[in-house]
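Please read the structure below before turning to the comments.
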Amino acid sequence: MTCTLGEVKQRADFIVYWGGNPAECHPRHFTKYTIMQKSKFLPRGRKDRTMVLVDIRETKSAKAADIFMQVKPGKDFELITILRALIKHQHVGDDQIAETGVTREMLDDLVQRMKSCKFGCFFFGMGLSMTRGKHMNSAALLTLAAEMNAFTKFVAMPMRGHGNVTGADVIMRWQTGYPFGITFNRGYPRYNPGEFSTVDVLVRGDCDAAFIIGADPGATMPQPAIDHLKRIPTICLDPHITHTSKLARVHITTAAQGISAPGTAYRMDELPLPLKPALKSPYPTDEDVVRRINKAISEKPFWLPEGSQPQMITAQV
Amino acid sequence: MTLQIIDNATCTFCGCVCDDIQLHHDEVRIHEAKKACVLGTAWFLNHTAEKKYPDALIDGKEATVEEAIQTAATLLHEADMPLVYGMSNTTCEAQKECVAMADQLGGLLDSHTSL
């Protein structure tokens with residue numbers, strides 16, 4: 001249950017940032033899309049909107065918030081579950097609330113505000129989705145947003161970092177049916193995060209070659225994963241010499257997207273936007289290099305035994 | 001020297017993908033990025049059209065792009081379980097080619113999302 005940032009800008013009078021720090025990580029999110037904008041439905045702009053920040057520490061974003069709720073680290077799932085109970089007037093014990101680091105008064109006030117708003121929106125960041133509980137936290141928050149629709153309009157949206165990471169999800173969904181963590185080793189796509197997701201694959205040492213594009217796992221991944229990338233032949237495409245390039249067998253310098261390479265990028269609300277490159281790069285684009293590698297691979301025998309091609313199963317009536 | 005101006009350029013540093021940036025450039029570097037935030041300004045001003053790095057490296061030695069492409073294709077083709085990973089800081093057009101690569105290799109495909 002989500003919407004575009006345009007709808008948030010026009011209509012959202014109640015905005016919750018959960019486990020994110022937009023003031024430092026998405027500096028224009030406040031001013032361009034959420035709390036600062038005036039609109040037909042919210043003519044007084046900031047005065048018509050309420051912003052809540054839920055985080056484990058008081059970041060710079062807390063200054064912009066009307067209400068700051070400091071949750072104990074790793075207790076996000078518990079807090080969301082308590083909110084789900086409170087909106088339905090179910091009993092929640094004092095010790096359960098105390099565990100989250102938030103008071104009952106704050107929670108009652110939050111529930112009352114959530115129910116009385118016209119259009120509520122949760123923005124959740126890596127502080128929720130990448131800490132203890134991981135995707136279960138995101139799932140709980142999405143469920144809370146869905147259940148809030150019994151009272152008023154409520155949506156949830158992840159705060160995506162890293163330029164076009166949303167585009168990667170969209171393209172993989174379009175091409176394979178799954179957003180990430182995919183294998184083609186049976187000739188058709190299969191999806192299983194935990195088994196086919198990169199960190200797990202590298203830490204277990206499952207893969208025997210790696211092609212890295214537009215990422216720097218050599219700087220961001222846990223050490224056992226980096227060690228495995230050093231052991232296997234790694235190929236890296238990047239506009240700079242990165243940590244990954246240094247441990248790779250092959251590095252190809254490419255043009256930077258949006259600066260000197262044209263194309264399309266997706267905003268975090270899955271809106272595609274065209275890029276307007278200002279400069280001409282002396283390097284080829286990612287698209288060009290990957291296409292040429294694909295062509296070179298296609299000239300070699302197919303990976304099935306004796307280079308045989310996969311057979312189409314024809315319908316038998 | 002007068003700078004060329006590009007209106008409504010798109011910034012791809014973070015997930016906001018702001019598309020209202022005004023860039024002032026002289027074809028080598030971007031001198032000003034109006035409306036961009038601190039992160040976006042740093043992103044635009046730190047990339048230039050100068051040739052700072054070698055075209056390609058194979059085992060740490062300089063090589064041509066074509067040699068690197070052939071080596072990459074051979075290494076990926078020889079592998080039993082190659083991994084295609086990343087795709088954050090690149091265009092959708094390149095991402096589509098990456099999906100095609102994983103498909104034709106019978107390999108793994110994953111993005112930053114799973115981190």
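Identifiers for the structure tokens are assigned positionally: chains receive A, B, ... in sequence, residues are indexed from 1 per chain, and ligands are indexed from 1 in the order shown.
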
Write out as a VMD selection string all residues of segment 214-302 of chain A that backbone DSSP assigns to alpha helix (DSSP H). chain A and resid 217 to 220 223 to 231 243 to 247 286 to 298

Considering only C-alpha atoms, extract the chain B residues located within 6 Å of chain A and return them as an NGL selection string. :B and (9-10 or 12-17 or 27 or 49 or 55-59 or 69 or 73 or 79 or 81-92 or 94 or 101 or 103 or 106-111 or 114)

Emit the selected residues as a short mmCIF file (atom, residue, chain, number, x, y, z; two decimals), in the first residue's frame, including N, CA and C atoms.
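After the write, selection-v6.cif holds the following:
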data_model
loop_
_atom_site.label_atom_id
_atom_site.label_comp_id
_atom_site.auth_asym_id
_atom_site.auth_seq_id
_atom_site.Cartn_x
_atom_site.Cartn_y
_atom_site.Cartn_z
N ALA B 9 17.98 19.09 -14.74
CA ALA B 9 18.79 17.87 -14.80
C ALA B 9 18.42 16.98 -13.61
N THR B 10 18.72 15.70 -13.74
CA THR B 10 18.34 14.72 -12.73
C THR B 10 19.56 14.33 -11.91
N THR B 12 21.22 11.65 -9.35
CA THR B 12 20.99 10.24 -8.99
C THR B 12 21.79 9.84 -7.76
N PHE B 13 22.11 10.81 -6.91
CA PHE B 13 22.90 10.42 -5.74
C PHE B 13 22.09 9.59 -4.76
N CYS B 14 20.94 10.10 -4.34
CA CYS B 14 20.12 9.32 -3.40
C CYS B 14 18.79 8.95 -4.03
N GLY B 15 17.94 8.28 -3.26
CA GLY B 15 16.67 7.78 -3.79
C GLY B 15 15.65 8.87 -4.13
N CYS B 16 15.93 10.12 -3.76
CA CYS B 16 14.98 11.20 -4.07
C CYS B 16 14.95 11.50 -5.57
N VAL B 17 16.07 11.26 -6.26
CA VAL B 17 16.20 11.50 -7.70
C VAL B 17 15.55 12.85 -8.08
N GLU B 27 31.85 21.64 -20.23
CA GLU B 27 32.10 20.39 -20.94
C GLU B 27 33.22 19.55 -20.31
N ALA B 49 34.86 15.20 -16.86
CA ALA B 49 35.02 14.48 -18.12
C ALA B 49 36.50 14.19 -18.38
N ASP B 55 41.56 2.98 -18.98
CA ASP B 55 40.32 2.46 -19.57
C ASP B 55 39.89 1.17 -18.88
N ALA B 56 40.87 0.29 -18.68
CA ALA B 56 40.57 -1.00 -18.06
C ALA B 56 41.81 -1.55 -17.40
N LEU B 57 41.60 -2.44 -16.42
CA LEU B 57 42.71 -3.12 -15.75
C LEU B 57 42.46 -4.62 -15.78
N ILE B 58 43.47 -5.40 -16.14
CA ILE B 58 43.37 -6.86 -16.01
C ILE B 58 44.51 -7.28 -15.10
N ASP B 59 44.18 -7.92 -13.98
CA ASP B 59 45.16 -8.30 -12.95
C ASP B 59 46.05 -7.11 -12.57
N ILE B 69 36.89 -6.84 -21.95
CA ILE B 69 35.57 -7.44 -22.23
C ILE B 69 35.74 -8.92 -22.55
N ALA B 73 34.31 -11.97 -20.30
CA ALA B 73 33.40 -12.96 -20.87
C ALA B 73 33.93 -14.38 -20.63
N ALA B 79 32.91 -20.04 -15.31
CA ALA B 79 32.41 -20.28 -13.96
C ALA B 79 31.16 -21.15 -13.98
N MET B 81 29.00 -21.09 -11.26
CA MET B 81 27.96 -20.34 -10.56
C MET B 81 28.38 -18.87 -10.46
N PRO B 82 28.30 -18.15 -11.58
CA PRO B 82 28.68 -16.74 -11.52
C PRO B 82 27.60 -15.89 -10.85
N LEU B 83 28.02 -14.78 -10.26
CA LEU B 83 27.12 -13.87 -9.56
C LEU B 83 27.12 -12.52 -10.26
N VAL B 84 25.95 -12.00 -10.55
CA VAL B 84 25.81 -10.64 -11.08
C VAL B 84 25.20 -9.80 -9.97
N TYR B 85 25.95 -8.79 -9.51
CA TYR B 85 25.52 -8.07 -8.32
C TYR B 85 25.73 -6.56 -8.46
N GLY B 86 24.90 -5.80 -7.78
CA GLY B 86 25.06 -4.35 -7.69
C GLY B 86 23.89 -3.64 -8.31
N MET B 87 24.14 -2.98 -9.42
CA MET B 87 23.12 -2.34 -10.25
C MET B 87 22.48 -1.11 -9.60
N SER B 88 23.06 -0.58 -8.50
CA SER B 88 22.45 0.60 -7.90
C SER B 88 22.82 1.86 -8.66
N ASN B 89 24.12 2.09 -8.83
CA ASN B 89 24.55 3.31 -9.49
C ASN B 89 24.70 3.12 -10.98
N THR B 90 23.64 2.68 -11.61
CA THR B 90 23.67 2.53 -13.05
C THR B 90 22.26 2.74 -13.61
N THR B 91 22.16 2.83 -14.92
CA THR B 91 20.86 3.15 -15.52
C THR B 91 20.01 1.89 -15.68
N CYS B 92 18.72 2.08 -15.89
CA CYS B 92 17.80 0.96 -16.08
C CYS B 92 18.18 0.17 -17.33
N ALA B 94 21.19 -0.37 -18.51
CA ALA B 94 22.30 -1.27 -18.17
C ALA B 94 21.81 -2.39 -17.27
N MET B 101 22.45 -10.93 -18.88
CA MET B 101 23.72 -11.62 -18.64
C MET B 101 23.54 -12.79 -17.66
N ASP B 103 20.87 -14.38 -16.98
CA ASP B 103 20.02 -15.38 -17.63
C ASP B 103 20.86 -16.26 -18.54
N GLY B 106 23.18 -18.55 -16.65
CA GLY B 106 22.58 -19.46 -15.67
C GLY B 106 23.09 -19.15 -14.28
N GLY B 107 23.27 -17.88 -13.98
CA GLY B 107 23.91 -17.48 -12.73
C GLY B 107 22.98 -16.86 -11.73
N LEU B 108 23.59 -16.25 -10.71
CA LEU B 108 22.84 -15.56 -9.66
C LEU B 108 22.70 -14.09 -10.02
N LEU B 109 21.59 -13.49 -9.58
CA LEU B 109 21.33 -12.09 -9.87
C LEU B 109 20.81 -11.44 -8.59
N ASP B 110 21.46 -10.34 -8.19
CA ASP B 110 21.04 -9.73 -6.93
C ASP B 110 21.41 -8.25 -6.92
N SER B 111 20.69 -7.48 -6.11
CA SER B 111 20.99 -6.04 -6.01
C SER B 111 21.24 -5.66 -4.56
N SER B 114 19.07 -6.57 -1.09
CA SER B 114 19.14 -7.72 -0.20
C SER B 114 20.14 -7.53 0.92
#

If you run DSSP on this backbone, which residues of segment 243-272 of chain A come out as strand (DSSP E or B), and could you give them as a list in words? Val250, His251, Ile252, Thr253, Gln257, Ala261, Thr264, Ala265, Tyr266 and Pro272 of chain A

Those residues with N, CA and C atoms, as a short mmCIF file (atom, residue, chain, number, x, y, z; two decimals), in the first residue's frame please?
data_model
loop_
_atom_site.label_atom_id
_atom_site.label_comp_id
_atom_site.auth_asym_id
_atom_site.auth_seq_id
_atom_site.Cartn_x
_atom_site.Cartn_y
_atom_site.Cartn_z
N VAL A 250 39.41 -8.10 -13.21
CA VAL A 250 39.17 -7.18 -14.33
C VAL A 250 38.41 -5.96 -13.82
N HIS A 251 38.90 -4.78 -14.17
CA HIS A 251 38.16 -3.55 -13.90
C HIS A 251 37.98 -2.79 -15.21
N ILE A 252 36.78 -2.31 -15.48
CA ILE A 252 36.54 -1.49 -16.66
C ILE A 252 35.96 -0.17 -16.17
N THR A 253 36.58 0.95 -16.57
CA THR A 253 36.08 2.26 -16.18
C THR A 253 34.94 2.65 -17.11
N GLN A 257 26.56 7.54 -14.40
CA GLN A 257 25.16 7.76 -14.79
C GLN A 257 24.70 9.15 -14.38
N ALA A 261 26.52 9.72 -18.64
CA ALA A 261 25.84 8.61 -19.31
C ALA A 261 24.33 8.86 -19.28
N THR A 264 17.72 6.09 -17.82
CA THR A 264 16.55 6.28 -16.97
C THR A 264 16.90 5.88 -15.55
N ALA A 265 16.37 6.60 -14.57
CA ALA A 265 16.53 6.22 -13.17
C ALA A 265 15.18 6.30 -12.48
N TYR A 266 14.95 5.40 -11.52
CA TYR A 266 13.69 5.40 -10.77
C TYR A 266 13.84 6.13 -9.45
N PRO A 272 9.74 6.60 -12.96
CA PRO A 272 10.94 6.68 -13.78
C PRO A 272 11.21 8.09 -14.28
#

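Distance annotation: of B:Leu105, B:Ala33, B:Ala63, B:Cys18, the residue with the minimal separation from Leu45 of chain B is B:Ala33; atom set is only C-alpha atoms.
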
Determine, counting only C-alpha atoms, which protein, DNA and RNA residues have an atom within 10 Å of an atom of Gly19 of chain A; residues of the same chain fewer than 6 positions away are not included. Present the result as a list in words. Leu53, Val54, Asp55, Ile56, Arg57, Val71, Asp76, Phe123, Phe124, Gly125, Met126, Gly127, Leu128, Ser129, Met130, Thr131 and Met159 of chain A

Now that the selection is made, can you save its residues with C-alpha atoms as a short mmCIF file (atom, residue, chain, number, x, y, z; two decimals), in the first residue's frame?
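Heads up, here's the output in selection15.cif:
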data_model
loop_
_atom_site.label_atom_id
_atom_site.label_comp_id
_atom_site.auth_asym_id
_atom_site.auth_seq_id
_atom_site.Cartn_x
_atom_site.Cartn_y
_atom_site.Cartn_z
CA LEU A 53 10.27 10.67 14.01
CA VAL A 54 10.87 7.21 15.47
CA ASP A 55 14.53 6.34 15.91
CA ILE A 56 16.98 4.92 18.42
CA ARG A 57 18.86 8.20 18.78
CA VAL A 71 12.72 3.50 20.73
CA ASP A 76 10.96 -1.65 16.58
CA PHE A 123 8.54 6.42 5.53
CA PHE A 124 10.80 3.64 6.78
CA GLY A 125 14.56 3.57 6.49
CA MET A 126 17.42 1.18 7.03
CA GLY A 127 17.16 1.70 10.81
CA LEU A 128 14.00 -0.41 10.59
CA SER A 129 14.65 -2.76 7.70
CA MET A 130 18.31 -3.58 8.37
CA THR A 131 18.31 -4.07 12.16
CA MET A 159 13.30 5.44 1.98
#
